[in-house]
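**Q** Input structure: run.cif, which contains mmCIF, C-alpha atoms and all ligand atoms.
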```cif
data_coords
#
loop_
_atom_site.label_atom_id
_atom_site.label_comp_id
_atom_site.auth_asym_id
_atom_site.auth_seq_id
_atom_site.Cartn_x
_atom_site.Cartn_y
_atom_site.Cartn_z
CA MET A 1 0.00 0.00 0.00
CA ARG A 2 1.33 3.43 -0.96
CA ARG A 3 1.96 5.75 2.01
CA PHE A 4 1.52 9.51 2.04
CA TYR A 5 1.93 12.17 4.67
CA ALA A 6 -0.61 14.78 5.73
CA PRO A 7 -0.34 16.82 8.94
CA PRO A 8 -3.24 16.46 11.47
CA GLU A 9 -4.91 19.73 10.42
CA ARG A 10 -5.57 18.25 6.98
CA PHE A 11 -7.88 15.62 8.51
CA THR A 12 -11.44 16.94 9.04
CA GLY A 13 -14.86 15.33 9.25
CA GLY A 14 -13.64 11.86 8.37
CA ARG A 15 -11.83 13.10 5.28
CA VAL A 16 -8.29 14.11 4.45
CA ARG A 17 -7.01 16.54 1.86
CA LEU A 18 -3.44 15.98 0.78
CA GLY A 19 -0.85 18.70 0.25
CA ASP A 20 0.22 19.87 -3.21
CA GLU A 21 3.27 17.72 -3.47
CA GLU A 22 1.61 14.51 -2.35
CA ALA A 23 -1.35 15.31 -4.63
CA HIS A 24 0.95 15.76 -7.59
CA HIS A 25 2.64 12.46 -6.83
CA ILE A 26 -0.72 10.65 -6.54
CA CYS A 27 -2.26 12.11 -9.72
CA ARG A 28 0.59 12.66 -12.09
CA VAL A 29 3.20 10.15 -11.08
CA LEU A 30 1.19 7.20 -9.76
CA ARG A 31 -1.98 8.03 -11.69
CA LEU A 32 -4.24 6.99 -8.86
CA GLY A 33 -7.86 8.08 -8.93
CA PRO A 34 -11.26 7.82 -7.20
CA GLY A 35 -11.78 4.43 -5.61
CA ASP A 36 -8.08 3.72 -5.14
CA LYS A 37 -6.92 3.09 -1.58
CA ILE A 38 -3.88 4.59 0.02
CA HIS A 39 -2.39 4.94 3.50
CA VAL A 40 -2.00 8.40 4.97
CA PHE A 41 0.03 9.06 8.17
CA ASP A 42 -0.19 12.22 10.23
CA GLY A 43 3.34 12.47 11.62
CA LEU A 44 2.10 12.11 15.19
CA GLY A 45 1.94 8.33 15.18
CA HIS A 46 -1.35 7.61 13.39
CA GLU A 47 -1.86 5.99 10.02
CA TYR A 48 -5.17 5.64 8.15
CA LEU A 49 -6.59 3.66 5.28
CA VAL A 50 -8.08 6.20 2.88
CA GLU A 51 -10.19 5.81 -0.25
CA ILE A 52 -9.55 8.52 -2.81
CA GLU A 53 -12.70 10.46 -3.74
CA ILE A 54 -11.30 13.39 -5.69
CA ALA A 55 -8.07 13.35 -7.66
CA ALA A 56 -7.73 16.36 -9.90
CA GLY A 57 -4.32 17.87 -10.41
CA ARG A 58 -3.28 19.40 -7.15
CA VAL A 59 -6.50 18.52 -5.34
CA VAL A 60 -6.58 15.06 -3.87
CA SER A 61 -8.89 14.14 -1.04
CA GLY A 62 -10.36 10.98 0.31
CA ARG A 63 -12.48 9.35 2.96
CA VAL A 64 -10.84 7.82 6.01
CA LEU A 65 -11.98 4.20 6.19
CA ALA A 66 -10.03 2.99 9.21
CA GLU A 67 -7.04 3.61 11.39
CA VAL A 68 -4.22 1.18 10.72
CA PRO A 69 -2.66 0.15 14.04
CA GLN A 70 1.05 0.86 14.20
CA GLU A 71 3.89 -0.34 16.35
CA LYS A 72 6.77 1.55 14.87
CA GLU A 73 7.79 3.69 17.82
CA ALA A 74 10.41 2.72 20.39
CA PRO A 75 9.46 2.75 24.09
CA LEU A 76 12.37 5.13 24.63
CA SER A 77 12.04 8.68 23.39
CA LEU A 78 15.54 9.64 22.27
CA ALA A 79 16.51 13.22 21.43
CA LEU A 80 19.76 13.83 19.57
CA ALA A 81 21.36 17.25 20.03
CA GLN A 82 23.89 17.53 17.26
CA GLY A 83 26.54 20.24 17.04
CA LEU A 84 26.11 22.22 13.82
CA ALA A 85 28.50 20.72 11.32
CA LYS A 86 29.79 21.80 7.94
CA GLY A 87 28.03 21.31 4.63
CA ASP A 88 25.09 18.95 4.50
CA LYS A 89 26.26 16.57 7.23
CA LEU A 90 23.17 17.27 9.27
CA GLU A 91 21.00 16.12 6.40
CA LEU A 92 22.58 12.70 6.56
CA VAL A 93 22.30 12.61 10.34
CA ILE A 94 18.60 13.54 10.26
CA GLN A 95 17.78 11.02 7.58
CA LYS A 96 19.58 8.15 9.30
CA ALA A 97 18.48 9.12 12.81
CA THR A 98 14.87 8.95 11.60
CA GLU A 99 15.38 5.43 10.29
CA ILE A 100 17.09 4.33 13.48
CA GLY A 101 14.18 5.62 15.60
CA VAL A 102 15.27 8.96 17.11
CA LYS A 103 12.28 11.08 18.21
CA GLU A 104 13.79 14.53 18.03
CA VAL A 105 16.84 16.20 16.51
CA ILE A 106 18.08 19.42 18.07
CA PRO A 107 20.71 21.29 16.02
CA VAL A 108 23.01 23.11 18.42
CA HIS A 109 25.36 25.94 17.66
CA THR A 110 28.53 25.47 19.72
CA ALA A 111 31.84 27.32 20.10
CA ARG A 112 33.53 25.26 17.37
CA SER A 113 30.58 25.12 14.94
CA VAL A 114 31.66 26.41 11.56
CA LEU A 115 28.11 26.84 10.28
CA LYS A 116 26.53 30.07 11.48
CA ILE A 117 23.28 30.12 13.47
CA SER A 118 21.56 32.07 10.68
CA GLU A 119 22.64 29.46 8.14
CA GLY A 120 21.26 26.71 10.39
CA THR A 121 17.98 28.57 10.80
CA ARG A 122 17.71 28.94 7.05
CA ARG A 123 18.06 25.17 6.69
CA THR A 124 15.55 24.16 9.37
CA GLU A 125 12.65 23.74 6.98
CA ARG A 126 14.74 21.62 4.69
CA TRP A 127 15.79 19.45 7.64
CA GLN A 128 12.17 18.97 8.68
CA ARG A 129 11.34 17.92 5.20
CA ILE A 130 14.15 15.37 5.24
CA ALA A 131 12.70 13.92 8.45
CA ARG A 132 9.27 13.66 6.79
CA GLU A 133 10.66 11.97 3.70
CA ALA A 134 12.71 9.54 5.77
CA SER A 135 9.69 8.69 7.94
CA LYS A 136 7.65 7.98 4.86
CA GLN A 137 10.33 5.77 3.40
CA CYS A 138 11.01 3.74 6.54
CA GLY A 139 7.37 3.14 7.47
CA ARG A 140 7.27 5.41 10.51
CA THR A 141 4.02 7.18 11.28
CA PHE A 142 5.75 9.58 13.63
CA VAL A 143 7.89 12.31 12.08
CA PRO A 144 10.80 13.27 14.33
CA ARG A 145 10.78 16.90 15.31
CA VAL A 146 13.70 18.92 14.00
CA GLU A 147 13.90 21.94 16.23
CA SER A 148 15.26 25.34 15.33
CA VAL A 149 18.92 25.87 16.06
CA THR A 150 19.65 26.45 19.73
CA THR A 151 22.67 26.98 21.97
CA LEU A 152 24.11 24.78 24.71
CA GLU A 153 23.11 27.36 27.34
CA ALA A 154 19.47 27.31 26.20
CA LEU A 155 19.48 23.55 25.89
CA SER A 156 20.93 22.98 29.34
CA ALA A 157 18.03 24.93 30.84
CA ARG A 158 15.78 22.19 29.41
CA PHE A 159 17.65 19.19 30.83
CA LYS A 160 14.94 18.67 33.45
CA GLU A 161 12.52 17.64 30.68
CA PHE A 162 14.61 14.47 30.29
CA ASP A 163 15.21 11.49 32.57
CA ALA A 164 18.90 11.68 31.74
CA VAL A 165 21.34 13.58 29.53
CA LEU A 166 24.55 12.13 28.10
CA ILE A 167 27.30 14.20 26.51
CA PHE A 168 29.63 12.30 24.21
CA TRP A 169 33.16 13.41 24.89
CA GLU A 170 36.22 11.73 23.47
CA GLU A 171 38.31 12.82 26.48
CA GLU A 172 36.14 11.03 28.98
CA ARG A 173 38.17 8.08 30.20
CA ALA A 174 36.09 6.45 32.88
CA ARG A 175 32.48 6.18 31.76
CA ARG A 176 31.80 4.12 28.66
CA LEU A 177 28.35 4.15 27.05
CA ARG A 178 27.83 0.55 28.09
CA ALA A 179 28.40 1.47 31.75
CA ALA A 180 26.32 4.65 31.51
CA LEU A 181 23.32 2.73 30.19
CA ALA A 182 23.66 0.10 32.93
CA GLU A 183 23.87 2.95 35.47
CA LEU A 184 20.66 4.51 34.10
CA ALA A 185 18.81 1.20 33.89
CA GLY A 186 19.72 0.57 37.53
CA LYS A 187 18.05 3.85 38.54
CA GLY A 188 14.66 2.97 37.05
CA LYS A 189 12.87 3.34 33.75
CA VAL A 190 14.35 5.80 31.26
CA ARG A 191 11.61 7.20 29.02
CA ARG A 192 13.19 10.37 27.68
CA LEU A 193 16.88 10.56 27.02
CA LEU A 194 18.88 13.42 25.51
CA ILE A 195 22.28 12.86 23.94
CA LEU A 196 24.75 15.56 22.92
CA VAL A 197 27.30 15.22 20.12
CA GLY A 198 29.81 17.92 19.23
CA PRO A 199 30.64 19.38 15.79
CA GLU A 200 33.81 18.48 13.83
CA GLY A 201 36.08 20.29 16.26
CA GLY A 202 34.40 18.76 19.32
CA PHE A 203 33.22 20.49 22.49
CA THR A 204 35.43 22.90 24.42
CA GLN A 205 36.30 22.16 28.05
CA GLU A 206 34.04 25.06 29.10
CA GLU A 207 31.11 23.57 27.21
CA VAL A 208 31.61 20.18 28.81
CA ASP A 209 31.81 21.86 32.24
CA LEU A 210 28.63 23.83 31.53
CA VAL A 211 26.51 20.82 30.63
CA VAL A 212 27.97 18.58 33.33
CA GLU A 213 27.15 21.30 35.84
CA ALA A 214 23.59 21.25 34.48
CA GLY A 215 23.37 17.49 35.07
CA ALA A 216 24.73 15.75 31.95
CA LEU A 217 26.93 12.66 32.27
CA PRO A 218 30.10 12.67 30.14
CA VAL A 219 30.45 9.43 28.19
CA THR A 220 33.03 7.91 25.84
CA LEU A 221 32.27 5.84 22.76
CA GLY A 222 35.63 4.07 23.00
CA PRO A 223 39.22 4.67 21.99
CA ARG A 224 38.69 5.85 18.42
CA ILE A 225 37.53 9.33 17.47
CA LEU A 226 34.41 9.14 15.37
CA ARG A 227 33.39 11.89 13.00
CA THR A 228 30.56 14.03 14.24
CA GLU A 229 28.04 12.45 11.82
CA THR A 230 29.17 8.95 12.79
CA ALA A 231 29.16 9.55 16.55
CA GLY A 232 25.48 10.52 16.88
CA LEU A 233 24.27 7.68 14.68
CA VAL A 234 26.41 5.07 16.43
CA ALA A 235 25.31 6.31 19.85
CA ALA A 236 21.63 6.35 18.83
CA SER A 237 21.92 2.81 17.44
CA ILE A 238 23.50 1.43 20.59
CA ILE A 239 20.99 3.18 22.86
CA LEU A 240 17.93 2.12 20.87
CA TYR A 241 19.28 -1.43 20.77
CA GLU A 242 19.75 -1.48 24.53
CA LEU A 243 16.74 0.54 25.68
CA GLY A 244 14.52 0.71 22.60
CA ASP A 245 13.30 -1.54 19.81
CA LEU A 246 16.25 -1.67 17.40
CA GLY A 247 17.73 -5.05 16.51
N1 LIG A 301 37.70 17.26 19.17
C1 LIG A 301 38.05 16.10 18.45
C2 LIG A 301 36.97 15.26 17.76
C3 LIG A 301 35.58 15.69 17.66
S1 LIG A 301 34.60 14.39 17.04
C4 LIG A 301 39.12 16.41 17.49
O1 LIG A 301 38.99 17.33 16.68
O2 LIG A 301 40.07 15.65 17.56
C5 LIG A 301 33.02 15.10 17.03
C6 LIG A 301 32.12 14.68 18.16
O3 LIG A 301 31.84 13.30 18.11
C7 LIG A 301 32.67 14.92 19.55
O4 LIG A 301 32.42 16.22 20.00
C8 LIG A 301 31.92 13.88 20.38
O5 LIG A 301 30.66 14.37 20.78
C9 LIG A 301 31.74 12.74 19.41
N2 LIG A 301 32.78 11.71 19.53
C10 LIG A 301 33.59 11.27 18.55
N3 LIG A 301 34.37 10.25 19.00
C11 LIG A 301 34.02 10.04 20.28
C12 LIG A 301 34.44 9.12 21.28
N4 LIG A 301 35.39 8.25 21.06
N5 LIG A 301 33.84 9.18 22.50
C13 LIG A 301 32.87 10.08 22.74
N6 LIG A 301 32.45 10.98 21.85
C14 LIG A 301 32.99 10.96 20.63
#
```
Could you show the structure in this file as C-alpha cells?
**A**
Amino acid sequence: MRRFYAPPERFTGGRVRLGDEEAHHICRVLRLGPGDKIHVFDGLGHEYLVEIEIAAGRVVSGRVLAEVPQEKEAPLSLALAQGLAKGDKLELVIQKATEIGVKEVIPVHTARSVLKISEGTRRTERWQRIAREASKQCGRTFVPRVESVTTLEALSARFKEFDAVLIFWEEERARRLRAALAELAGKGKVRRLLILVGPEGGFTQEEVDLVVEAGALPVTLGPRILRTETAGLVAASIILYELGDLG
C-alpha cells in the first residue's frame, strides 16, 4: 500500500485533503484516482486507510476508512542534540536518525561550529522535510521533530525535561556508554533521554563543564575518534538497541 503524509490539520470530518506535493505524486506520477486506496500518516503516530474520492491535479482528497494500528515507535524517546557541522552533514544525520528511531533532533550551535546560526535557521525547513521523507520511506508514522537551532546554554536549561542527559566526549576516560546505560537502567525506567554530540572540532572544556554542571553525564564511545556524523548515529543505534526496539 502506498503511504503519504498529511499533517493532522488536513484531517477533518472523516476526510483528508493531501498537500500539493503529495497530490501531484498521486495524480501525475502514480496516476491513482477515485476508488483507489492509500495509507496516509499524520506524523504524530497515526496511520489511516483512505479511499480517494477526488483526484484532480493538485487537489486530492479521500475518505478515512479505518485507522491502521502501528507499532513503529520505540518505548524510549531519544533526542539527539547535534553540534552544527559543515556542509550537509546534518542532512545525513537527520535522515539516518529517523530510520534508526530517534524522536527529536536538536541542532546546536557550539563554540567550534563552523556553520553560522543564521545558516542553520535557514536550513531548518529543509531538515524537517528530510525527516518527513525519511519517515515515509522507513514506514514510521511519527515524524521526528527537528527543532530550530539552539545553543548549549538554552538547551541545558531544558535538561529537566529528560530522565537523563549524556554528553559524548572523546576525552572522557572512565564512563563508557555501556556502563552509563547500565547505570541509568539501575536507577529505574528511562523514558526520555537526551544525547549531545559535538561538531567536527568537538566540544570545548568550558562547554563540557557547563553541561555537566547542568546534570549531563560525560560518556566515551571508546578509543577511536568518530566523526561528528558517525558519533550521533552510532550512539543512537547502541541506545535504541539497549533501551529501545532496534535489533
Ligand atoms: N575534538 C576532536 C573530535 C571531535 S569528534 C578532534 O577534533 O580531535 C566530534 C564529536 O563526536 C565529539 O564532540 C563527540 O561528541 C563525538 N565523539 C567522537 N568520537 C568520540 C568518542 N570516542 N567518544 C565520545 N564521543 C565521541
**Q** Report as number ranges by chain all protein, DNA and RNA residues lying within 8 Å of range 130-143 of chain A, evaluated on all atoms listed in the file, omitting residues in the same chain fewer than 4 positions from it.
**A** A: 3-5, 41-47, 70, 72-73, 91, 94-96, 98-99, 103, 126
**Q** Put a box with edges along x, y and z around all the listed atoms of ligand LIG 301 (chain A), pad it by 6 Å on each side, then give me its centre and sizes in Å, one decimal, as lines of an AutoDock Vina configuration file.
**A**
```
center_x = 35.4
center_y = 12.8
center_z = 19.7
size_x = 21.4
size_y = 21.1
size_z = 18.1
```
**Q** What does the distance between CA of Gly101 in chain A and CA of Gly186 in chain A come to in Å, to one decimal place?
**A**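 Between these atoms lies a distance of 23.2 Å.
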**Q** Expressed in Å to a single decimal, how great is the separation between CA of Pro34 in chain A and CA of Glu67 in chain A?
**A** 19.5 Å
**Q** In Å to one decimal, how far is CA of Ala154 in chain A from CA of His109 in chain A?
**A**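 Taking CA of His109 in chain A and CA of Ala154 in chain A, their separation equals 10.5 Å.
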**Q** May I have a table of the residues of chain A lying at most 10 Å from ligand LIG 301 (chain A), giving each one's closest pair of atoms and their distance in Å to one decimal, counting only C-alpha atoms and all ligand atoms, ordered by chain and ascending residue number, as CSV?
**A**
```
residue,atom,partner,partner_atom,distance
A:Ala81,CA,A:LIG301,O5,9.8
A:Gln82,CA,A:LIG301,O5,8.3
A:Gly83,CA,A:LIG301,O4,7.7
A:Ala85,CA,A:LIG301,C5,9.2
A:Arg112,CA,A:LIG301,N1,9.2
A:Leu166,CA,A:LIG301,O5,9.8
A:Ile167,CA,A:LIG301,O5,6.6
A:Phe168,CA,A:LIG301,N6,3.9
A:Trp169,CA,A:LIG301,N6,4.0
A:Glu170,CA,A:LIG301,N5,3.6
A:Glu171,CA,A:LIG301,N5,7.0
A:Glu172,CA,A:LIG301,C13,7.1
A:Arg173,CA,A:LIG301,N5,8.9
A:Arg175,CA,A:LIG301,N5,9.8
A:Arg176,CA,A:LIG301,N5,8.2
A:Leu177,CA,A:LIG301,C13,8.6
A:Ile195,CA,A:LIG301,O5,9.1
A:Leu196,CA,A:LIG301,O5,6.4
A:Val197,CA,A:LIG301,O5,3.5
A:Gly198,CA,A:LIG301,O4,3.2
A:Pro199,CA,A:LIG301,C5,5.1
A:Glu200,CA,A:LIG301,C5,4.7
A:Gly201,CA,A:LIG301,O1,4.2
A:Gly202,CA,A:LIG301,O4,3.3
A:Phe203,CA,A:LIG301,O4,5.0
A:Thr204,CA,A:LIG301,N1,8.0
A:Val208,CA,A:LIG301,O4,9.7
A:Pro218,CA,A:LIG301,C13,8.3
A:Val219,CA,A:LIG301,C13,6.0
A:Thr220,CA,A:LIG301,N5,3.7
A:Leu221,CA,A:LIG301,N5,3.7
A:Gly222,CA,A:LIG301,N4,4.6
A:Pro223,CA,A:LIG301,N4,5.3
A:Arg224,CA,A:LIG301,N4,4.9
A:Ile225,CA,A:LIG301,N3,3.6
A:Leu226,CA,A:LIG301,N3,3.8
A:Arg227,CA,A:LIG301,S1,4.9
A:Thr228,CA,A:LIG301,C5,3.9
A:Glu229,CA,A:LIG301,O3,7.4
A:Thr230,CA,A:LIG301,O3,7.4
A:Ala231,CA,A:LIG301,O3,4.9
A:Gly232,CA,A:LIG301,O3,7.0
A:Val234,CA,A:LIG301,N2,9.7
A:Ala235,CA,A:LIG301,N6,8.8
```
**Q** Using only C-alpha atoms, find the one residue out of A:Met1, A:Val29, A:Ala182, A:Val211 that sits nearest to Phe159 in chain A.
**A**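 Closest residue, counting only C-alpha atoms: A:Val211.
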**Q** Using all atoms listed in the file, which of A:Leu152, A:Ile52, A:Ala179, A:Ala23 sits nearest Asp209 in chain A?
**A**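 Closest to Asp209 in chain A, using all atoms listed in the file: A:Leu152.
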**Q** Just checking: using all atoms listed in the file, which residue out of A:Leu240, A:Val165, A:Leu210, A:Ile26 ends up closest to Ala55 in chain A?
**A**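 Under the stated criterion, the closest residue is A:Ile26.
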**Q** From the set A:Ser237, A:Ser77, A:Ser61, A:Thr150, which residue has the shortest atom-to-atom contact distance to Thr12 in chain A, counting only C-alpha atoms?
**A**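 The answer is A:Ser61, which sits nearest to Thr12 in chain A.
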**Q** For each of A:Val108, A:Val16, A:Ala74, A:Ala79, take the minimum atom-to-atom distance to Val50 in chain A, counting only C-alpha atoms, then give the residue where this is smallest.
**A**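 Residue with the minimum atom-to-atom distance to Val50 in chain A: A:Val16.
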**Q** Can you find the residues with an atom no farther than 6 Å from (12.7, 15.0, 14.4), counting all atoms listed in the file, and report them as a list in words?
**A** Lys103, Glu104, Val105, Val143, Pro144, Arg145 and Val146 of chain A
